[in-house]
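Coordinates from structure_10.txt are shown below (compact mmCIF, C-alpha atoms).
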```txt
# COMPACT_ATOMS: atom_id res chain seq x y z
CA MET A 249 -7.13 20.75 -5.91
CA GLN A 250 -6.69 17.84 -8.28
CA PRO A 251 -6.89 14.33 -6.78
CA ARG A 252 -3.64 12.47 -6.35
CA ILE A 253 -3.36 9.68 -8.93
CA ILE A 254 -2.36 6.17 -7.86
CA GLN A 255 -1.88 3.71 -10.72
CA SER A 256 -1.26 -0.02 -10.82
CA ILE A 257 0.25 -2.22 -13.53
CA SER A 258 -0.80 -5.83 -13.18
CA LEU A 259 -1.98 -8.90 -15.05
CA PHE A 260 -4.93 -8.97 -12.65
CA PRO A 261 -6.30 -5.42 -12.33
CA GLU A 262 -9.57 -6.80 -10.97
CA ILE A 263 -7.76 -7.46 -7.67
CA PHE A 264 -7.27 -3.71 -7.28
CA GLU A 265 -10.75 -2.78 -8.49
CA ALA A 266 -12.43 -5.00 -5.92
CA THR A 267 -10.30 -4.03 -2.94
CA LEU A 268 -9.97 -0.30 -3.56
CA GLY A 269 -13.70 0.17 -4.17
CA VAL A 270 -14.77 -0.21 -0.54
CA SER A 271 -14.36 1.36 2.89
CA MET A 272 -11.78 4.12 3.33
CA MET A 273 -10.35 3.66 -0.16
CA TRP A 274 -13.79 4.31 -1.63
CA LYS A 275 -14.19 7.29 0.69
CA ALA A 276 -10.88 8.77 -0.50
CA GLN A 277 -12.07 8.50 -4.10
CA ASN A 278 -15.54 9.81 -3.35
CA LYS A 279 -14.04 12.88 -1.69
CA GLN A 280 -11.81 13.33 -4.75
CA LEU A 281 -8.66 13.04 -2.67
CA ILE A 282 -7.42 10.06 -4.68
CA GLN A 283 -7.96 8.75 -8.19
CA PHE A 284 -7.12 5.11 -8.90
CA GLN A 285 -6.24 3.88 -12.38
CA HIS A 286 -5.43 0.26 -13.19
CA HIS A 287 -3.52 -0.94 -16.25
CA ASN A 288 -3.73 -4.50 -17.52
CA LEU A 289 -0.19 -5.55 -18.45
CA ARG A 290 -1.64 -7.97 -21.01
CA GLU A 291 -2.75 -5.03 -23.12
CA PHE A 292 0.93 -4.19 -23.65
CA GLY A 293 1.85 -7.76 -24.60
CA ILE A 294 3.69 -8.67 -27.79
CA GLY A 295 2.11 -10.16 -30.91
CA PRO A 296 -1.37 -11.59 -31.51
CA ARG A 297 -1.19 -13.63 -28.29
CA LYS A 298 -0.17 -10.60 -26.22
CA GLN A 299 2.86 -12.39 -24.81
CA VAL A 300 4.17 -10.90 -21.55
CA ASP A 301 6.60 -13.57 -20.33
CA ASP A 302 9.48 -15.73 -21.53
CA THR A 303 12.04 -18.22 -20.23
CA PRO A 304 15.08 -16.80 -18.38
CA TYR A 305 18.51 -16.65 -19.97
CA GLY A 306 20.86 -19.12 -18.34
CA GLY A 307 18.09 -21.60 -17.61
CA GLY A 308 15.96 -22.14 -14.56
CA ASP A 309 12.35 -22.90 -13.70
CA GLY A 310 9.47 -20.56 -14.36
CA MET A 311 8.94 -17.56 -16.57
CA LEU A 312 9.96 -13.92 -16.34
CA LEU A 313 7.97 -10.87 -17.32
CA LYS A 314 9.48 -9.47 -20.52
CA PRO A 315 10.94 -5.96 -20.62
CA GLU A 316 8.92 -4.72 -23.60
CA PRO A 317 5.45 -4.92 -21.98
CA LEU A 318 6.74 -3.60 -18.66
CA PHE A 319 8.48 -0.61 -20.24
CA ALA A 320 5.45 0.16 -22.42
CA ALA A 321 3.04 -0.03 -19.46
CA ILE A 322 5.19 2.19 -17.22
CA GLU A 323 5.66 4.71 -20.02
CA ALA A 324 1.89 4.78 -20.59
CA ALA A 325 1.30 5.41 -16.88
CA LYS A 326 3.94 8.15 -16.93
CA ARG A 327 2.09 9.90 -19.74
CA ILE A 328 -0.88 10.20 -17.40
CA ASP A 329 1.28 11.51 -14.53
CA PRO A 330 4.84 12.37 -15.61
CA ASP A 331 6.02 13.16 -12.07
CA ALA A 332 4.67 9.97 -10.48
CA LEU A 333 7.02 7.76 -8.45
CA VAL A 334 7.35 4.20 -9.78
CA ILE A 335 7.30 1.59 -7.01
CA LEU A 336 8.17 -2.08 -7.32
CA PRO A 337 7.08 -4.43 -4.52
CA THR A 338 9.88 -7.00 -4.20
CA PRO A 339 11.52 -9.03 -1.40
CA ARG A 340 14.78 -7.25 -2.27
CA GLY A 341 13.36 -3.84 -1.45
CA GLU A 342 13.56 -1.72 1.68
CA ARG A 343 11.29 -2.83 4.53
CA TRP A 344 8.03 -0.91 4.53
CA ARG A 345 7.29 0.82 7.82
CA GLN A 346 4.72 3.22 9.23
CA LYS A 347 7.11 6.17 9.01
CA ALA A 348 7.54 5.50 5.29
CA ALA A 349 3.75 5.45 4.88
CA MET A 350 3.48 8.75 6.74
CA SER A 351 6.17 10.31 4.57
CA MET A 352 4.55 9.11 1.36
CA ALA A 353 1.14 10.34 2.52
CA ASP A 354 2.61 13.81 3.03
CA ASP A 355 4.19 13.78 -0.43
CA THR A 356 2.25 15.13 -3.40
CA HIS A 357 3.62 12.85 -6.12
CA GLY A 358 1.40 10.33 -7.81
CA LEU A 359 2.32 6.66 -7.47
CA ILE A 360 2.70 3.85 -10.02
CA PHE A 361 2.87 0.30 -8.66
CA VAL A 362 4.44 -2.35 -10.90
CA CYS A 363 3.26 -5.82 -9.88
CA ALA A 364 5.36 -8.79 -10.97
CA ARG A 365 4.13 -12.36 -11.44
CA TYR A 366 5.57 -15.78 -12.24
CA GLU A 367 9.28 -15.98 -11.31
CA GLY A 368 9.73 -12.23 -11.46
CA TYR A 369 10.76 -9.67 -14.05
CA ASP A 370 13.54 -8.82 -16.45
CA GLU A 371 16.04 -6.89 -14.34
CA ARG A 372 16.26 -4.08 -16.89
CA VAL A 373 12.90 -2.76 -15.74
CA THR A 374 14.55 -1.55 -12.53
CA THR A 375 16.06 1.33 -14.52
CA LEU A 376 12.54 2.83 -14.49
CA ILE A 377 11.89 2.13 -10.79
CA ASP A 378 12.19 4.89 -8.20
CA ARG A 379 11.71 2.74 -5.14
CA GLN A 380 11.78 -0.98 -4.34
CA VAL A 381 9.76 -1.96 -1.28
CA SER A 382 9.35 -5.18 0.71
CA ILE A 383 6.53 -5.96 3.14
CA GLY A 384 8.44 -8.83 4.74
CA ASP A 385 10.83 -11.73 4.31
CA PHE A 386 8.51 -14.05 2.45
CA VAL A 387 7.40 -14.69 -1.13
CA LEU A 388 3.93 -14.24 -2.62
CA THR A 389 2.56 -15.25 -6.00
CA GLY A 390 2.45 -11.66 -7.19
CA GLY A 391 2.99 -8.04 -6.28
CA GLU A 392 -0.67 -7.11 -6.06
CA LEU A 393 -1.18 -7.83 -2.35
CA PRO A 394 1.96 -5.94 -1.25
CA ALA A 395 0.96 -3.03 -3.48
CA LEU A 396 -2.51 -2.95 -1.95
CA MET A 397 -1.08 -3.02 1.56
CA ILE A 398 1.20 -0.10 0.78
CA ILE A 399 -1.60 1.84 -0.91
CA ASP A 400 -3.93 1.29 2.04
CA SER A 401 -1.28 2.33 4.56
CA VAL A 402 -0.63 5.56 2.64
CA VAL A 403 -4.11 6.62 1.55
CA ARG A 404 -5.67 6.25 5.01
CA LEU A 405 -3.15 8.79 6.31
CA ILE A 406 -4.06 11.48 3.80
CA PRO A 407 -5.90 14.29 5.63
CA GLY A 408 -9.64 13.93 5.23
CA VAL A 409 -9.73 10.14 4.78
CA LEU A 410 -9.94 8.97 8.41
CA GLY A 411 -12.79 10.22 10.56
CA GLY A 412 -11.00 11.71 13.57
CA ALA A 413 -8.36 14.40 13.31
CA THR A 414 -6.02 12.47 15.63
CA SER A 415 -6.94 8.93 14.54
CA ALA A 416 -3.65 8.34 12.73
CA GLU A 417 -1.53 9.98 15.43
CA ILE A 418 -2.28 7.44 18.17
CA GLU A 419 -1.92 4.32 16.05
CA SER A 420 0.70 1.62 16.39
CA PHE A 421 4.15 2.58 15.08
CA SER A 422 3.21 6.25 14.60
CA ASP A 423 5.69 7.13 17.34
CA GLY A 424 8.74 4.95 16.78
CA ASP A 425 8.16 1.24 17.39
CA ASN A 426 5.44 1.66 20.01
CA LEU A 427 2.19 -0.25 19.66
CA GLU A 428 -1.19 1.31 20.26
CA PHE A 429 -2.62 0.96 23.77
CA PRO A 430 -5.58 -1.38 24.43
CA GLN A 431 -9.01 0.19 23.91
CA TYR A 432 -12.51 -0.62 25.19
CA THR A 433 -16.10 0.44 24.56
CA ARG A 434 -19.50 -0.21 26.14
CA PRO A 435 -20.59 -2.23 28.04
CA ALA A 436 -18.28 -1.74 31.01
CA GLU A 437 -18.68 -5.41 31.94
CA PHE A 438 -19.07 -8.26 29.45
CA ARG A 439 -19.12 -11.97 30.38
CA GLY A 440 -17.23 -11.24 33.57
CA MET A 441 -14.57 -9.14 31.83
CA GLU A 442 -14.44 -5.56 33.05
CA VAL A 443 -13.04 -2.41 31.50
CA PRO A 444 -10.00 -1.16 33.48
CA GLU A 445 -11.25 1.10 36.25
CA VAL A 446 -8.93 3.96 35.31
CA LEU A 447 -10.74 4.37 31.98
CA LEU A 448 -14.01 4.92 33.82
CA SER A 449 -12.56 7.38 36.32
CA GLY A 450 -12.78 10.56 34.27
CA ASN A 451 -9.24 11.39 35.40
CA HIS A 452 -7.64 12.33 32.10
CA ALA A 453 -4.11 12.56 33.48
CA ALA A 454 -4.38 9.08 34.96
CA ILE A 455 -5.85 7.77 31.71
CA GLU A 456 -3.00 9.20 29.66
CA ALA A 457 -0.46 7.73 32.09
CA TRP A 458 -2.15 4.30 31.84
CA ARG A 459 -2.20 4.46 28.06
CA ALA A 460 1.48 5.41 27.93
CA GLU A 461 2.32 2.48 30.21
CA GLN A 462 0.27 0.03 28.15
CA ALA A 463 1.70 1.12 24.79
CA GLY A 464 4.78 -0.95 24.13
```
Let me see the structure of the file written as structure tokens.
Amino acid sequence: MQPRIIQSISLFPEIFEATLGVSMMWKAQNKQLIQFQHHNLREFGIGPRKQVDDTPYGGGDGMLLKPEPLFAAIEAAKRIDPDALVILPTPRGERWRQKAAMSMADDTHGLIFVCARYEGYDERVTTLIDRQVSIGDFVLTGGELPALMIIDSVVRLIPGVLGGATSAEIESFSDGDNLEFPQYTRPAEFRGMEVPEVLLSGNHAAIEAWRAEQAG
């Protein structure tokens, strides 16, 4: 089976290279479950200075990413994976939730993340976007961090990435809006704080009941 391809388009691809090269993201690549490819938007810039931004029509502060580099970069990524879904992290998008991550992990399409900078992007690029996603009601300096959060939330759910077969099933938000129950490990007593007695009892029914009560 070919690895699923996840691509990013950004002015700062090194952000992706550093973050996706460790821990579970590295494991997913090493097991050939995922292949990451990062495109530097500057390489698609216009003219000898590789211009990627310009002032907005109608006035206003800041600069917008121009349509030409964005279209060229997305089209280049599509040539690598024609069926990939193009995702734009933006405050205007749908709120990202665990169920969406689970659904995307089950999907087989590749993913292309388009990361804006400055004051945003020329609106015409949205004609190439399949899905706009928001990680919350706040503004960041670029789309790289939201893209990385979405990538992490999806890739870790792909079978074979996490260690335990049920690791993802008991996590927060995996079942509606419930949070994961509190967990403890050895020692049973630490600085006067003790592990709940029920967890030491060996009574699995009582343990499951306690966990269900604590999850909220």
**Prompt:** How many Å separate atom CA of Ala463 of chain A from atom CA of Leu447 of chain A?
**Reply:**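 Spanning atom CA of Ala463 of chain A to atom CA of Leu447 of chain A is a straight-line distance of 14.7 Å.
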**Request:** Would you please work out which residue, of A:Leu281, A:Met272, A:Ala266, A:Leu393, is nearest to Arg365 of chain A when using all atoms listed in the file?
**Result:** A:Leu393
Restrict the calculation to only C-alpha atoms, then for each residue of segment 355-399 of chain A with any atom at most 10 Å from an atom of segment 292-310 of chain A give the closest atom pair and their distance in Å to one decimal, rows by chain and rising residue number, as CSV.
```
residue,atom,partner,partner_atom,distance
A:Arg365,CA,A:Asp301,CA,9.3
A:Tyr366,CA,A:Gly310,CA,6.5
A:Glu367,CA,A:Gly310,CA,5.5
A:Gly368,CA,A:Gly310,CA,8.8
A:Tyr369,CA,A:Asp301,CA,8.5
A:Asp370,CA,A:Pro304,CA,8.4
```
**Message:** Which polymer residues, whether protein, DNA or RNA, lie within 12 Å of the coordinate (1.1, -5.6, 7.6) when you count all atoms listed in the file? List them as an MDAnalysis selection string, using the chain letters and numbers from the file.
**Reply:** chainID A and resid 343:346 349 382:385 393:401 420:421
Mind writing the picked residues with C-alpha atoms as an mmCIF file, keeping the file's coordinate frame?
```cif
data_model
loop_
_atom_site.group_PDB
_atom_site.id
_atom_site.type_symbol
_atom_site.label_atom_id
_atom_site.label_comp_id
_atom_site.auth_asym_id
_atom_site.auth_seq_id
_atom_site.Cartn_x
_atom_site.Cartn_y
_atom_site.Cartn_z
ATOM 1 C CA ARG A 343 11.290 -2.830 4.530
ATOM 2 C CA TRP A 344 8.030 -0.910 4.530
ATOM 3 C CA ARG A 345 7.290 0.820 7.820
ATOM 4 C CA GLN A 346 4.720 3.220 9.230
ATOM 5 C CA ALA A 349 3.750 5.450 4.880
ATOM 6 C CA SER A 382 9.350 -5.180 0.710
ATOM 7 C CA ILE A 383 6.530 -5.960 3.140
ATOM 8 C CA GLY A 384 8.440 -8.830 4.740
ATOM 9 C CA ASP A 385 10.830 -11.730 4.310
ATOM 10 C CA LEU A 393 -1.180 -7.830 -2.350
ATOM 11 C CA PRO A 394 1.960 -5.940 -1.250
ATOM 12 C CA ALA A 395 0.960 -3.030 -3.480
ATOM 13 C CA LEU A 396 -2.510 -2.950 -1.950
ATOM 14 C CA MET A 397 -1.080 -3.020 1.560
ATOM 15 C CA ILE A 398 1.200 -0.100 0.780
ATOM 16 C CA ILE A 399 -1.600 1.840 -0.910
ATOM 17 C CA ASP A 400 -3.930 1.290 2.040
ATOM 18 C CA SER A 401 -1.280 2.330 4.560
ATOM 19 C CA SER A 420 0.700 1.620 16.390
ATOM 20 C CA PHE A 421 4.150 2.580 15.080
#
```
**Request:** Step by step: start from the point (5.8, -3.8, -21.2) in the file's coordinates, keep every protein, DNA or RNA residue that has an atom no farther than 10 Å from it, count all atoms listed in the file, and write the set as JSON, numbers by chain.
**Result:** {"A": [257, 289, 290, 291, 292, 293, 294, 299, 300, 301, 313, 314, 315, 316, 317, 318, 319, 320, 321, 322, 323, 324, 373]}
**Prompt:** Which residue gives the smallest distance to Met352 of chain A among A:Phe429, A:Gln283, A:Ile263, A:Leu333, with all atoms listed in the file counted?
**Reply:**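 The answer is A:Leu333, which sits nearest to Met352 of chain A.
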**Item:** Best match for closeness to Leu259 of chain A among A:Asp355, A:Glu392, A:Asp378, A:Glu342, counting all atoms listed in the file
**Value:**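 Smallest separation from Leu259 of chain A among the options: A:Glu392.
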**Asked** What gap, in Å, lies between atom CA of Ser256 of chain A and atom CA of Ile335 of chain A?
**Response** 9.5 Å
**Item:** Straight-line distance linking atom CA of Phe284 of chain A with atom CA of Lys347 of chain A, stated in Å to one decimal
**Value:** 22.9 Å
**Prompt:** Do you know which residues are at most 12 Å from Pro444 of chain A counting only C-alpha atoms, after dropping those on the same chain fewer than 6 positions away, and could you put them as a PyMOL selection string?
**Reply:** chain A and resi 430-433+435-437+454-455+458-459+462
**Request:** With a distance cut-off of 12 Å and all atoms listed in the file, select the neighbouring residues of Ile253 of chain A, excluding the residue or stretch itself and same-chain residues fewer than 2 positions from it, and output the selection as a PyMOL selection string.
**Result:** chain A and resi 250-251+255-256+276-277+280-286+325-326+328-333+356-361+399+403
**Asked** So which one's closest to Leu268 of chain A, A:Val443, A:Met350, A:Ile254, A:Ile406? Using all atoms listed in the file, please.
**Response** A:Ile254
